[in-house]
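Please read the structure below before turning to the comments.
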Amino acid sequence: MKQPFLFNRRQWLQRTSCGFGALALGDILQAATNPLASRIPGMAAKAKRVIFLFMAGGPSQMDLFDPKPYITSRHGQTVNSPLRPEVTQVGTEKYLALGEMAPVRPRGQSGMWVSDLMPHLASVADDICLLRGVSADNPQHAGATLQFHTGTFAEVRPSMGAWVSYGLGTENQDLPSFVSIQPGGVREYGSAFLPAIHQGTALSVPLSDKISPIENLRNASPNEEVQRQRIELVQEMNRRMVGELNGDAGMEGMIQNLELAFRMQTTTPEIVDIAKETEATRRLYGVDGKETDKNARACLLARKLSEAGVRFVQVTMGGWDHHGDIRGNLPKLCARTDQPVAALLKDLKSRGLLEDTLVLWSGEFGRTPWSQDLSGTAPIDKHGREHQPESFCSWVAGGGFKGGFTHGETDEMGYRVVSGKVHIHDLHATILHQLGMDHTKLTWRHLGRDFRLTDVYGEVVKEILA
């Protein structure tokens, strides 16, 4: 049986060559004592860091990236259900075809299909790799969201960011390796059975330049020396307790987190302060814009943290669950997110960071090509769409992925993937591959077996790699 890929002190000696290249003695010693030490992956890495833009709720792929002429031509008419007879979807009894909410047109030199609802993203279409055959296994928000973040929809497992932190550490020892901006549930950024130091640091998005996005970041002590003395007192008591307990993973994690928190108090306030960004940069993202301000600040903060050395930054933008009146609600969500997201790509590219920064955009699943009417009496233009994990769209940019490339195709209804299918496990495997890690060897021994992000599945999707 393969040995797990380990970096915590007590299990360090069990480590074998798990697909990671030999480290210099100094690096080995540092990694053995510091779980966030920056590590060199065993394979050639095209990306050094990840920004994961999670569109919580399930964006409608047909309305944004994958138009279906057949469905549009039958708008308001009954279509044959492709579902198994025993599958019931509430509010879709009539299976009325629902055409796209706005024109979806070819963009850029690549001719990638992007909706008029996303004019800013359309302007950078040649920088993104569009996946039109992504699939998941759970039709409910909670399960599908967990699968996208952790690889499973039932058990408590480490999140993708925690696995990346565990595998690569941080590029800046004064910052956490994993940050989650305006997060959802804790399991979406948790570390589960991995050491607690790999759990994501949760950040809010203040709607004022005067408020810090990190709680309790300001040093309450008169000066740094007094704060250091206070920390040392607490740490000494913690270390004494660890000794009395003959080792305790929770307390060890607390000791590491307190040290990191102390370092963050001196370095992070400057990094998370977007007030010092140029006016041109703030306008690019849409800071202070009526619709865009919150997401603009979140995306700008993601760039600043990534640039400063945070290995994995996760940004959650909710509100995409359109079971009703998608025609009225989808444009509003696009207006709030389109400019900040496109600005992030433009900003990273202008700074020379997009090449080795992997940007992922996705929801937990997509939405059906037929309409949903929960009331049973609403006119077709007030209908929404039901959940669809069988096929949906995600996109990636930078990090060694093909720009201006579309991969995958669905049937004429936009329901089943007919070519280029990418399961969540495949997507996770490919992301780890671009970071220089073999997804089958990035493991942790738990409950008697080796666990990994991709469980026992996943293949690297080589067709989308540059």
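Chain labels A, B, ... are given in the sequence in which chains occur in the structure tokens; within each chain residues are numbered consecutively from 1, and ligands are likewise numbered from 1 in the order shown.
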| task | For stretch 38-53 of chain A, work out the shell of residues within 8 Å, counting only C-alpha atoms and skipping chain neighbours fewer than 4 positions away, then give it as an NGL selection string. | result | :A and (19-23 or 27 or 31 or 167-172 or 302 or 306 or 310-317 or 355-362 or 398-400 or 433-438)
| field | Contacts of A:Leu98 within 10 Å, only C-alpha atoms, excl. fewer than 6 positions in-chain, as an MDAnalysis selection string | value | chainID A and resid 62:63 68 71:79 368:372 380:381 383:385
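Proximity ranking of A:Ser135, A:Gln140, A:Gln199, A:Gln147 relative to A:Ser165 places A:Gln199 first, based on only C-alpha atoms.
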| If you run DSSP on this backbone, which residues of stretch 28-82 of chain A come out as alpha helix (DSSP H), and could you give them as number ranges by chain? | A: 28-33, 61-64, 69-73
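Atom pair atom CA of A:Leu146 / atom CA of A:Glu188 has a distance of 6.4 Å (rounded to one decimal).
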| query | Neighbours of A:Val461 within 8 Å (only C-alpha atoms; same-chain residues fewer than 3 positions away dropped), as a ChimeraX atom specification? | reply | /A:422,426-427,430,464-465
